[in-house]
file my_file_11.txt (compact mmCIF, C-alpha atoms)
# COMPACT_ATOMS: atom_id res chain seq x y z
CA MET C 1 -46.32 -39.02 36.09
CA SER C 2 -45.28 -40.85 32.93
CA ILE C 3 -44.76 -39.03 29.63
CA THR C 4 -47.05 -40.33 26.89
CA SER C 5 -46.00 -40.46 23.24
CA LYS C 6 -48.55 -37.68 22.60
CA ASP C 7 -46.76 -35.46 25.15
CA LYS C 8 -43.42 -36.32 23.54
CA ILE C 9 -44.71 -35.37 20.06
CA THR C 10 -46.03 -32.07 21.46
CA VAL C 11 -42.65 -31.28 23.05
CA ASN C 12 -40.82 -32.20 19.86
CA ASN C 13 -43.17 -30.04 17.78
CA GLN C 14 -42.56 -27.12 20.11
CA GLN C 15 -38.82 -27.65 19.82
CA VAL C 16 -38.97 -27.84 16.02
CA ASN C 17 -41.09 -24.68 15.88
CA ARG C 18 -38.59 -22.90 18.12
CA ILE C 19 -35.71 -24.05 15.87
CA LEU C 20 -37.60 -22.69 12.84
CA GLU C 21 -38.13 -19.35 14.61
CA VAL C 22 -34.40 -19.12 15.33
CA ILE C 23 -33.49 -20.00 11.73
CA MET C 24 -35.81 -17.23 10.51
CA ALA C 25 -34.26 -14.79 13.00
CA TYR C 26 -30.79 -15.66 11.63
CA ALA C 27 -32.11 -15.11 8.11
CA ARG C 28 -33.01 -11.56 9.26
CA LEU C 29 -29.45 -11.30 10.69
CA ASP C 30 -30.88 -11.22 14.23
CA PHE C 31 -28.38 -13.30 16.17
CA SER C 32 -29.76 -12.55 19.62
CA GLN C 33 -31.88 -15.72 19.56
CA LYS C 34 -30.77 -19.25 20.39
CA THR C 35 -32.55 -22.58 20.46
CA GLU C 36 -32.77 -24.23 23.84
CA VAL C 37 -30.72 -27.41 24.22
CA HIS C 38 -32.36 -29.54 26.92
CA GLY C 39 -29.58 -32.04 27.41
CA ASN C 40 -31.80 -34.92 26.28
CA THR C 41 -29.06 -36.14 23.94
CA ASP C 42 -31.72 -36.74 21.30
CA VAL C 43 -31.67 -35.66 17.67
CA PHE C 44 -33.71 -32.50 18.39
CA ASP C 45 -31.08 -31.29 20.83
CA ALA C 46 -28.41 -32.04 18.25
CA ILE C 47 -30.28 -30.05 15.56
CA GLY C 48 -30.83 -27.19 18.01
CA ALA C 49 -27.15 -27.10 18.98
CA GLY C 50 -26.15 -27.25 15.30
CA VAL C 51 -28.43 -24.31 14.47
CA ASN C 52 -26.99 -22.32 17.40
CA MET C 53 -23.44 -22.96 16.21
CA LEU C 54 -24.30 -22.09 12.60
CA GLY C 55 -25.77 -18.85 13.94
CA GLU C 56 -22.52 -18.08 15.78
CA GLU C 57 -20.49 -18.71 12.64
CA LEU C 58 -22.86 -16.66 10.48
CA GLU C 59 -22.73 -13.79 12.97
CA ALA C 60 -18.92 -13.85 12.98
CA SER C 61 -18.82 -13.87 9.15
CA THR C 62 -21.34 -11.02 8.97
CA ILE C 63 -19.30 -8.91 11.38
CA SER C 64 -16.12 -9.68 9.45
CA LEU C 65 -17.87 -8.74 6.17
CA LYS C 66 -19.05 -5.44 7.66
CA GLU C 67 -15.53 -4.70 8.89
CA LYS C 68 -14.15 -5.42 5.42
CA GLU C 69 -16.74 -3.13 3.84
CA GLN C 70 -15.79 -0.40 6.30
CA LEU C 71 -12.13 -0.90 5.44
CA LEU C 72 -12.85 -0.75 1.71
CA LYS C 73 -14.80 2.50 2.21
CA GLU C 74 -11.87 3.90 4.15
CA ILE C 75 -9.48 2.91 1.35
CA HIS C 76 -11.66 4.56 -1.32
CA HIS C 77 -11.86 7.66 0.86
CA ARG C 78 -8.09 7.80 1.26
CA VAL C 79 -7.41 7.15 -2.42
CA LYS C 80 -9.81 9.97 -3.31
CA ASN C 81 -8.11 12.31 -0.80
CA ASN C 82 -4.66 11.43 -2.09
CA LEU C 83 -5.71 11.99 -5.71
CA GLN C 84 -7.17 15.35 -4.71
CA ILE C 85 -3.91 16.28 -2.96
CA VAL C 86 -1.96 15.44 -6.15
CA SER C 87 -4.42 17.52 -8.16
CA SER C 88 -4.10 20.44 -5.69
CA LEU C 89 -0.30 20.22 -5.77
CA LEU C 90 -0.37 20.48 -9.57
CA SER C 91 -2.66 23.47 -9.26
CA LEU C 92 -0.35 25.15 -6.74
CA GLN C 93 2.67 24.58 -8.95
CA SER C 94 0.92 26.05 -11.95
CA GLU C 95 0.15 29.30 -10.11
CA THR C 96 3.61 30.71 -10.77
CA ILE C 97 3.75 29.52 -14.39
CA LYS C 98 2.78 31.76 -17.28
CA ASP C 99 3.47 29.38 -20.17
CA GLU C 100 0.09 28.59 -21.77
CA ILE C 101 1.18 25.18 -23.07
CA PHE C 102 2.40 24.11 -19.65
CA LEU C 103 -0.78 25.40 -17.98
CA ASN C 104 -2.88 23.41 -20.45
CA LEU C 105 -0.89 20.27 -19.68
CA ILE C 106 -1.41 20.80 -15.95
CA SER C 107 -5.11 21.38 -16.44
CA ALA C 108 -5.46 18.22 -18.57
CA SER C 109 -3.58 16.18 -16.00
CA ARG C 110 -5.74 17.55 -13.17
CA ASN C 111 -8.90 16.60 -15.02
CA ARG C 112 -7.60 13.08 -15.58
CA ILE C 113 -6.79 12.75 -11.89
CA ASN C 114 -10.15 14.23 -10.89
CA SER C 115 -12.03 11.77 -13.11
CA MET C 116 -10.46 8.94 -11.10
CA ALA C 117 -11.00 10.69 -7.76
CA LEU C 118 -14.69 11.02 -8.57
CA VAL C 119 -14.97 7.24 -8.99
CA HIS C 120 -13.49 6.67 -5.52
CA GLU C 121 -15.64 9.41 -4.02
CA MET C 122 -18.78 7.81 -5.44
CA LEU C 123 -17.66 4.32 -4.41
CA TYR C 124 -17.19 5.12 -0.73
CA SER C 125 -20.61 6.66 -0.48
CA ALA C 126 -22.31 3.98 -2.58
CA LYS C 127 -24.34 1.11 -1.14
CA ASP C 128 -22.50 -1.37 -3.30
CA LEU C 129 -18.79 -0.75 -2.89
CA LYS C 130 -17.91 -2.45 -6.15
CA LYS C 131 -20.22 -0.72 -8.61
CA ILE C 132 -21.39 2.78 -9.29
CA GLU C 133 -24.25 4.17 -11.28
CA ALA C 134 -22.78 5.08 -14.66
CA GLY C 135 -25.36 7.77 -15.45
CA VAL C 136 -24.72 9.73 -12.24
CA TYR C 137 -20.95 9.40 -12.66
CA ILE C 138 -20.98 10.54 -16.30
CA GLU C 139 -23.19 13.57 -15.52
CA ARG C 140 -21.02 14.65 -12.58
CA LEU C 141 -17.82 14.09 -14.54
CA SER C 142 -19.11 16.10 -17.51
CA GLN C 143 -20.13 18.95 -15.21
CA ASN C 144 -16.71 18.94 -13.49
CA ILE C 145 -14.89 19.10 -16.83
CA ILE C 146 -16.99 21.92 -18.21
CA ASN C 147 -16.58 23.88 -14.96
CA THR C 148 -12.81 23.63 -15.31
CA LEU C 149 -12.41 24.21 -19.04
CA SER C 150 -15.22 26.36 -20.36
CA LYS C 151 -15.08 30.12 -20.56
CA PRO C 152 -17.50 32.22 -18.50
CA ASP C 153 -19.71 33.01 -21.51
CA SER C 154 -19.81 29.38 -22.63
CA LYS C 155 -23.06 28.08 -24.07
CA ILE C 156 -22.01 24.46 -24.35
CA ILE C 157 -24.74 22.13 -23.12
CA PHE C 158 -24.89 18.40 -22.43
CA THR C 159 -27.69 16.00 -23.19
CA PHE C 160 -27.67 12.62 -21.51
CA ASN C 161 -29.54 9.52 -22.48
CA ILE C 162 -28.46 6.92 -19.93
CA ASN C 163 -30.66 4.42 -18.18
CA ASN C 164 -30.83 4.89 -14.38
CA ASN C 165 -29.94 1.30 -13.68
CA TYR C 166 -26.59 1.20 -15.43
CA PHE C 167 -24.10 0.00 -12.85
CA LEU C 168 -20.45 -0.54 -13.77
CA ASP C 169 -17.60 -1.88 -11.66
CA ILE C 170 -14.38 0.00 -10.93
CA ASP C 171 -12.42 -1.87 -13.62
CA ARG C 172 -14.80 -0.53 -16.25
CA ILE C 173 -15.65 2.90 -14.89
CA ILE C 174 -12.05 4.14 -14.34
CA PRO C 175 -10.91 3.72 -17.98
CA LEU C 176 -14.34 4.82 -19.19
CA GLY C 177 -14.06 8.00 -17.10
CA LEU C 178 -10.63 8.73 -18.54
CA ILE C 179 -11.88 8.13 -22.07
CA LEU C 180 -14.86 10.43 -21.51
CA ASN C 181 -12.57 13.03 -20.00
CA GLU C 182 -10.44 13.09 -23.16
CA ILE C 183 -13.41 13.16 -25.55
CA ILE C 184 -15.28 15.90 -23.67
CA THR C 185 -12.07 17.91 -23.27
CA ASN C 186 -11.40 17.67 -27.02
CA SER C 187 -14.94 18.78 -27.79
CA ILE C 188 -14.82 21.76 -25.42
CA LYS C 189 -11.38 22.81 -26.65
CA TYR C 190 -11.66 22.32 -30.39
CA ALA C 191 -15.23 21.66 -31.55
CA PHE C 192 -17.06 24.88 -30.91
CA LYS C 193 -15.65 27.98 -32.56
CA LYS C 194 -18.25 30.29 -31.01
CA ASN C 195 -18.12 28.51 -27.67
CA GLU C 196 -21.63 27.28 -28.26
CA GLY C 197 -22.85 23.78 -29.00
CA GLU C 198 -24.09 20.47 -27.70
CA ILE C 199 -22.38 17.33 -26.49
CA SER C 200 -24.65 14.33 -26.27
CA ILE C 201 -23.83 11.18 -24.35
CA LYS C 202 -25.85 8.02 -24.73
CA MET C 203 -25.43 4.64 -23.16
CA SER C 204 -27.35 1.59 -24.26
CA GLU C 205 -27.13 -2.15 -24.52
CA PHE C 206 -26.81 -4.08 -27.73
CA GLU C 207 -26.37 -7.85 -27.99
CA ASN C 208 -25.37 -8.10 -24.31
CA LYS C 209 -22.73 -5.40 -24.71
CA HIS C 210 -22.62 -1.84 -23.41
CA VAL C 211 -22.53 0.88 -26.07
CA LEU C 212 -21.35 4.36 -25.13
CA GLU C 213 -21.86 7.04 -27.76
CA ILE C 214 -20.48 10.56 -27.44
CA ARG C 215 -21.23 13.09 -30.13
CA ASP C 216 -20.80 16.81 -30.50
CA ASN C 217 -22.27 19.12 -33.12
CA GLY C 218 -19.06 21.07 -33.60
CA ILE C 219 -16.73 21.47 -36.55
CA GLY C 220 -15.56 17.85 -36.56
CA PHE C 221 -12.07 16.60 -37.32
CA PRO C 222 -9.83 18.38 -39.82
CA LYS C 223 -10.02 17.22 -43.44
CA ASN C 224 -7.77 14.21 -44.17
CA PHE C 225 -7.43 13.56 -40.42
CA ASN C 226 -5.72 10.23 -39.77
CA ILE C 227 -6.19 8.82 -36.30
CA GLU C 228 -3.03 6.71 -36.61
CA THR C 229 -0.70 9.57 -37.46
CA ASP C 230 -2.41 12.79 -36.38
CA SER C 231 -3.48 11.89 -32.86
CA ASN C 232 -2.70 14.11 -29.89
CA LEU C 233 -2.09 12.60 -26.44
CA GLY C 234 -5.83 12.67 -25.71
CA LEU C 235 -6.69 10.54 -28.74
CA GLN C 236 -3.77 8.21 -28.06
CA LEU C 237 -5.12 7.74 -24.54
CA ILE C 238 -8.61 7.00 -25.88
CA LYS C 239 -7.18 4.34 -28.20
CA MET C 240 -4.97 2.86 -25.50
CA LEU C 241 -7.71 2.72 -22.88
CA THR C 242 -10.30 1.20 -25.19
CA GLU C 243 -7.78 -1.50 -26.10
CA GLN C 244 -7.07 -2.04 -22.41
CA MET C 245 -10.80 -2.51 -21.77
CA GLY C 246 -11.10 -4.93 -24.67
CA ALA C 247 -13.55 -2.45 -26.17
CA GLU C 248 -14.23 -1.58 -29.78
CA LEU C 249 -13.80 2.06 -30.78
CA LYS C 250 -15.49 3.59 -33.81
CA MET C 251 -15.08 7.22 -34.77
CA ASP C 252 -17.26 9.13 -37.16
CA LEU C 253 -15.24 11.88 -38.72
CA ALA C 254 -18.09 13.37 -40.79
CA GLY C 255 -19.92 16.37 -39.27
CA GLY C 256 -19.24 16.80 -35.56
CA ALA C 257 -16.98 14.38 -33.74
CA ALA C 258 -18.67 11.12 -32.81
CA TYR C 259 -17.30 8.17 -30.89
CA LYS C 260 -18.89 4.80 -30.31
CA ILE C 261 -17.33 2.51 -27.70
CA THR C 262 -18.66 -1.00 -27.38
CA PHE C 263 -17.57 -3.11 -24.41
CA SER C 264 -18.76 -6.06 -22.37
CA MET M 1 -24.64 -41.64 28.44
CA ASN M 2 -21.60 -43.37 29.97
CA THR M 3 -18.42 -41.39 30.11
CA LEU M 4 -14.97 -42.14 31.37
CA THR M 5 -14.87 -42.23 35.19
CA PRO M 6 -12.29 -39.82 36.58
CA PRO M 7 -9.84 -41.17 39.16
CA VAL M 8 -9.83 -39.65 42.66
CA ASP M 9 -6.73 -37.59 41.96
CA ALA M 10 -8.22 -35.99 38.80
CA ILE M 11 -8.26 -32.20 38.66
CA GLU M 12 -11.85 -31.06 39.01
CA LEU M 13 -12.73 -27.98 37.01
CA SER M 14 -16.08 -26.22 36.53
CA THR M 15 -17.04 -28.29 33.48
CA PHE M 16 -14.27 -30.91 33.22
CA HIS M 17 -12.29 -33.56 35.07
CA THR M 18 -8.70 -33.69 33.84
CA TRP M 19 -5.84 -36.05 34.65
CA MET M 20 -2.72 -37.68 33.24
CA GLY M 21 -3.08 -41.42 32.59
CA GLY M 22 -0.36 -43.93 33.43
CA ASP M 23 0.05 -44.52 29.68
CA GLY M 24 1.22 -40.94 29.10
CA ILE M 25 -2.11 -39.88 27.58
CA CYS M 26 -3.90 -36.94 29.16
CA ARG M 27 -7.64 -37.38 29.71
CA THR M 28 -10.26 -34.70 30.00
CA VAL M 29 -13.92 -35.52 30.51
CA THR M 30 -16.82 -33.10 30.32
CA LYS M 31 -19.23 -33.10 33.24
CA PRO M 32 -22.86 -34.00 32.49
CA ASN M 33 -24.64 -31.25 30.54
CA ALA M 34 -21.51 -29.11 30.46
CA GLU M 35 -21.97 -25.72 28.82
CA ILE M 36 -18.51 -24.72 27.72
CA ASP M 37 -17.70 -21.11 27.02
CA LEU M 38 -14.30 -19.43 26.68
CA PRO M 39 -13.53 -19.21 30.46
CA GLN M 40 -14.21 -22.94 30.90
CA ALA M 41 -12.13 -23.75 27.80
CA LYS M 42 -9.23 -21.64 29.10
CA GLU M 43 -9.52 -23.19 32.57
CA ASN M 44 -9.25 -26.61 30.96
CA SER M 45 -6.25 -25.80 28.78
CA ILE M 46 -4.41 -24.32 31.78
CA ALA M 47 -5.04 -27.56 33.71
CA VAL M 48 -3.89 -29.66 30.72
CA ALA M 49 -0.76 -27.52 30.28
CA GLY M 50 -0.05 -27.97 34.03
CA LEU M 51 0.43 -31.69 33.43
CA PHE M 52 3.38 -31.02 31.12
CA THR M 53 6.63 -32.41 32.46
CA GLY M 54 8.96 -31.73 29.54
CA LYS M 55 7.42 -33.90 26.83
CA LYS M 56 4.35 -33.09 24.77
CA PHE M 57 1.52 -35.61 25.12
CA PRO M 58 -1.66 -36.85 23.37
CA LEU M 59 -5.02 -35.66 24.67
CA PHE M 60 -8.15 -37.76 25.03
CA ILE M 61 -11.32 -35.66 25.25
CA ASP M 62 -14.52 -37.31 26.34
CA ALA M 63 -17.22 -34.94 25.10
CA ARG M 64 -20.09 -37.40 25.25
CA SER M 65 -22.04 -35.46 27.86
CA VAL M 66 -21.41 -31.95 26.59
CA ARG M 67 -24.48 -29.76 26.14
CA SER M 68 -23.02 -26.79 24.31
CA MET M 69 -19.70 -25.30 23.28
CA SER M 70 -19.50 -21.68 22.20
CA ARG M 71 -17.63 -20.50 19.11
CA GLU M 72 -14.98 -18.83 21.25
CA ALA M 73 -14.45 -22.08 23.17
CA ARG M 74 -14.19 -24.12 19.97
CA LYS M 75 -11.74 -21.60 18.57
CA HIS M 76 -9.66 -21.81 21.76
CA PHE M 77 -9.62 -25.61 21.74
CA SER M 78 -8.47 -25.62 18.12
CA THR M 79 -5.10 -24.41 19.56
CA ASN M 80 -4.55 -22.23 16.50
CA GLY M 81 -2.15 -19.39 17.19
CA ARG M 82 -1.21 -20.48 20.71
CA ASP M 83 1.51 -22.61 22.19
CA THR M 84 0.18 -25.96 23.33
CA ARG M 85 1.57 -28.95 25.21
CA ILE M 86 -0.44 -31.50 23.26
CA ILE M 87 0.61 -33.33 20.11
CA CYS M 88 -2.76 -34.71 19.03
CA MET M 89 -6.31 -35.11 20.26
CA ALA M 90 -8.97 -37.79 20.09
CA ILE M 91 -12.52 -36.68 20.82
CA MET M 92 -15.14 -39.14 22.01
CA VAL M 93 -18.55 -38.35 20.55
CA ARG M 94 -21.43 -40.77 20.71
CA SER M 95 -24.66 -38.80 21.17
CA PRO M 96 -26.10 -36.88 18.19
CA LEU M 97 -25.43 -33.68 20.14
CA SER M 98 -21.75 -34.38 20.87
CA ARG M 99 -21.33 -35.59 17.28
CA VAL M 100 -22.67 -32.28 15.91
CA ILE M 101 -20.41 -30.28 18.24
CA GLY M 102 -17.44 -32.49 17.35
CA ASN M 103 -18.00 -32.02 13.63
CA PHE M 104 -18.21 -28.25 14.01
CA PHE M 105 -14.97 -28.37 15.93
CA MET M 106 -13.24 -30.47 13.28
CA GLY M 107 -14.60 -28.49 10.35
CA LEU M 108 -15.09 -24.80 11.05
CA ASN M 109 -12.57 -24.65 13.89
CA LYS M 110 -9.99 -27.01 12.43
CA PRO M 111 -7.49 -27.95 15.17
CA GLN M 112 -3.81 -27.21 14.64
CA VAL M 113 -2.70 -30.65 15.85
CA PRO M 114 -3.89 -33.99 14.39
CA ALA M 115 -7.41 -34.64 15.67
CA ARG M 116 -10.10 -37.28 15.13
CA LEU M 117 -13.59 -38.09 16.37
CA PHE M 118 -14.21 -41.54 17.83
CA ASP M 119 -17.22 -43.59 18.92
CA GLU M 120 -15.22 -46.14 20.90
CA GLU M 121 -12.69 -45.46 23.62
CA PRO M 122 -10.25 -48.31 22.75
CA ASP M 123 -10.05 -47.08 19.15
CA ALA M 124 -9.29 -43.57 20.35
CA ILE M 125 -6.56 -44.73 22.76
CA GLU M 126 -4.99 -46.95 20.11
CA TRP M 127 -4.83 -44.01 17.67
CA LEU M 128 -3.37 -41.68 20.32
CA LYS M 129 -0.67 -44.20 21.27
CA LYS M 130 0.80 -43.87 17.77
CA PHE M 131 1.90 -40.34 18.70
CA LEU M 132 3.68 -41.32 21.92
call {"tool": "encode", "arguments": {"input": "my_file_11.txt", "output": "structure tokens"}}
result
Amino acid sequence: MSITSKDKITVNNQQVNRILEVIMAYARLDFSQKTEVHGNTDVFDAIGAGVNMLGEELEASTISLKEKEQLLKEIHHRVKNNLQIVSSLLSLQSETIKDEIFLNLISASRNRINSMALVHEMLYSAKDLKKIEAGVYIERLSQNIINTLSKPDSKIIFTFNINNNYFLDIDRIIPLGLILNEIITNSIKYAFKKNEGEISIKMSEFENKHVLEIRDNGIGFPKNFNIETDSNLGLQLIKMLTEQMGAELKMDLAGGAAYKITFS
Amino acid sequence: MNTLTPPVDAIELSTFHTWMGGDGICRTVTKPNAEIDLPQAKENSIAVAGLFTGKKFPLFIDARSVRSMSREARKHFSTNGRDTRIICMAIMVRSPLSRVIGNFFMGLNKPQVPARLFDEEPDAIEWLKKFL
């Protein structure tokens, strides 16, 4: 029986439809499907074989990408564990020390380390391994710091005004976490004489830049305070890290302490 | 689709015929509608390596009647990361299908030795002779 051109068109249409189905399956990352290559040596067979081979390559790349993601998660997990070990070692060493100044230094160092460990902890459990939600990070970090530094009768509260969809990458969030750590620590330590007050943290966008504002309603900076000459290590770190981020730092010395950090 | 006719003393494999030509060029021809996966690719490279007599040689691959070649097979044929007895390879592709497979092989699975696709056998042989 001879094959008419109508039959040929029908077969070709079926083959094209099958190729389309396979392409759509690949788009859904379903690599179990293949187009049938009939051995006709025509262009449809060539397209079918090409699609099959592209599917194989895409599958291999997808697997390799998943393996890399897994590896990155593992690295974040290990970095977090190692940072926590360092923090625990510092804590252990401080147990036998009675010197208040030394204990304060250890505590400040532990909080700095923990602020970085928290980034890695959030990164390995995040969907996107490169970015974390700034609002969640800032709230957890603030809570961790207050748990470590505040006295049992503390009435210091936080208010947050941060959009849910603020995602920042590790290069931004690590220095930002350290900066926040220093500012919040300063507020808890020096701002509230009666151990009572409010620290507000706001993050917004202005002219395509991120603006982070931290303000407390405490006693503010001492009269005639000069940031260039009177800074403690915490303030020096804030200055250094904002410069490192290419950010702009503005401090309001009137009333409570207020910091405004603008970065891109 | 006409392919190179293997001589009687050619090594017959599951999807290939392989032999050493009198000109010092090794030939390997795919059987009609050959579906080449890793075992067939390995079988072929063992046969090709068996023709080594102390001097590396060019390889002529007639892939005109191939039907499919898996990623693993393409990767194996690229010779990357393994010791090989060949110094270059010319691949005959004339049908749209063999041309697509050949281009995948040359692009995504770039061979470690000099390699080129050819439409005409004399052109391929002439190019391979430069490596002798």
call {"tool": "interface_residues", "arguments": {"input": "my_file_11.txt", "of": "chain C", "to": "chain M", "cutoff": "6 Å", "atoms": "only C-alpha atoms", "output": "list of chain:residue names"}}
result
C:Gly39, C:Thr41, C:Val43, C:Ala46
call {"tool": "residues_around", "arguments": {"input": "my_file_11.txt", "residues": "Gly234 (chain C)", "least_positions_apart": "4", "cutoff": "10 Å", "atoms": "all atoms listed in the file", "output": "list in words"}}
result
Ala108, Leu178, Ile179, Asn181, Glu182, Ile183, Thr185, Asn186, Ile238, Lys239 and Met240 of chain C
call {"tool": "residues_around", "arguments": {"input": "my_file_11.txt", "residues": "Leu20 (chain C)", "least_positions_apart": "4", "cutoff": "12 Å", "atoms": "only C-alpha atoms", "output": "list in words"}}
result
Asn13, Gln14, Gln15, Val16, Met24, Ala25, Tyr26, Ala27, Gln33, Lys34, Thr35, Phe44, Ile47, Gly48, Val51 and Asn52 of chain C
call {"tool": "atom_distance", "arguments": {"input": "my_file_11.txt", "atom1": "CA of Lys31 (chain M)", "atom2": "CA of Lys8 (chain C)"}}
result
26.3 Å
call {"tool": "residues_around", "arguments": {"input": "my_file_11.txt", "residues": "region 81-98 of chain C", "least_positions_apart": "5", "cutoff": "7 Å", "atoms": "all atoms listed in the file", "output": "PyMOL selection string"}}
result
chain C and resi 103+106+110+113-114+117
call {"tool": "write_last_selection", "arguments": {"input": "my_file_11.txt", "atoms": "C-alpha atoms", "output": "short mmCIF file (atom, residue, chain, number, x, y, z; two decimals), in the frame of the given file"}}
result
data_model
loop_
_atom_site.label_atom_id
_atom_site.label_comp_id
_atom_site.auth_asym_id
_atom_site.auth_seq_id
_atom_site.Cartn_x
_atom_site.Cartn_y
_atom_site.Cartn_z
CA LEU C 103 -0.78 25.40 -17.98
CA ILE C 106 -1.41 20.80 -15.95
CA ARG C 110 -5.74 17.55 -13.17
CA ILE C 113 -6.79 12.75 -11.89
CA ASN C 114 -10.15 14.23 -10.89
CA ALA C 117 -11.00 10.69 -7.76
#
call {"tool": "residues_around", "arguments": {"input": "my_file_11.txt", "residues": "Glu243 (chain C)", "least_positions_apart": "6", "cutoff": "12 Å", "atoms": "only C-alpha atoms", "output": "mmCIF file with C-alpha atoms, keeping the file's coordinate frame"}}
result
data_model
loop_
_atom_site.group_PDB
_atom_site.id
_atom_site.type_symbol
_atom_site.label_atom_id
_atom_site.label_comp_id
_atom_site.auth_asym_id
_atom_site.auth_seq_id
_atom_site.Cartn_x
_atom_site.Cartn_y
_atom_site.Cartn_z
ATOM 1 C CA PRO C 175 -10.910 3.720 -17.980
ATOM 2 C CA LEU C 176 -14.340 4.820 -19.190
ATOM 3 C CA ILE C 179 -11.880 8.130 -22.070
ATOM 4 C CA GLN C 236 -3.770 8.210 -28.060
ATOM 5 C CA LEU C 237 -5.120 7.740 -24.540
ATOM 6 C CA LEU C 249 -13.800 2.060 -30.780
ATOM 7 C CA ILE C 261 -17.330 2.510 -27.700
ATOM 8 C CA THR C 262 -18.660 -1.000 -27.380
ATOM 9 C CA PHE C 263 -17.570 -3.110 -24.410
#
call {"tool": "residues_around", "arguments": {"input": "my_file_11.txt", "residues": "region 37-51 of chain M", "least_positions_apart": "3", "cutoff": "8 Å", "atoms": "only C-alpha atoms", "output": "list in words"}}
result
Ile11, Leu13, Ser14, Thr15, Phe16, Thr18, Trp19, Met20, Cys26, Met69, Ser70, Arg71, Glu72, Ala73, His76, Phe77, Thr84 and Arg85 of chain M
call {"tool": "residues_near_point", "arguments": {"input": "my_file_11.txt", "point": "(-4.2, -41.9, 33.9)", "cutoff": "12 Å", "atoms": "only C-alpha atoms", "output": "ChimeraX atom specification"}}
result
/M:4-11,17-28,51,58-60,125
call {"tool": "closest_residue", "arguments": {"input": "my_file_11.txt", "among": "C:Ala258, C:Leu29, C:Ile138, C:Leu235", "to": "Ile174 (chain C)", "atoms": "all atoms listed in the file"}}
result
C:Ile138
call {"tool": "closest_residue", "arguments": {"input": "my_file_11.txt", "among": "C:Val211, C:Val22, C:Ile132, C:Ile9", "to": "Lys250 (chain C)", "atoms": "all atoms listed in the file"}}
result
C:Val211
call {"tool": "atom_distance", "arguments": {"input": "my_file_11.txt", "atom1": "CA of Pro111 (chain M)", "atom2": "CA of Lys75 (chain M)"}}
result
8.4 Å
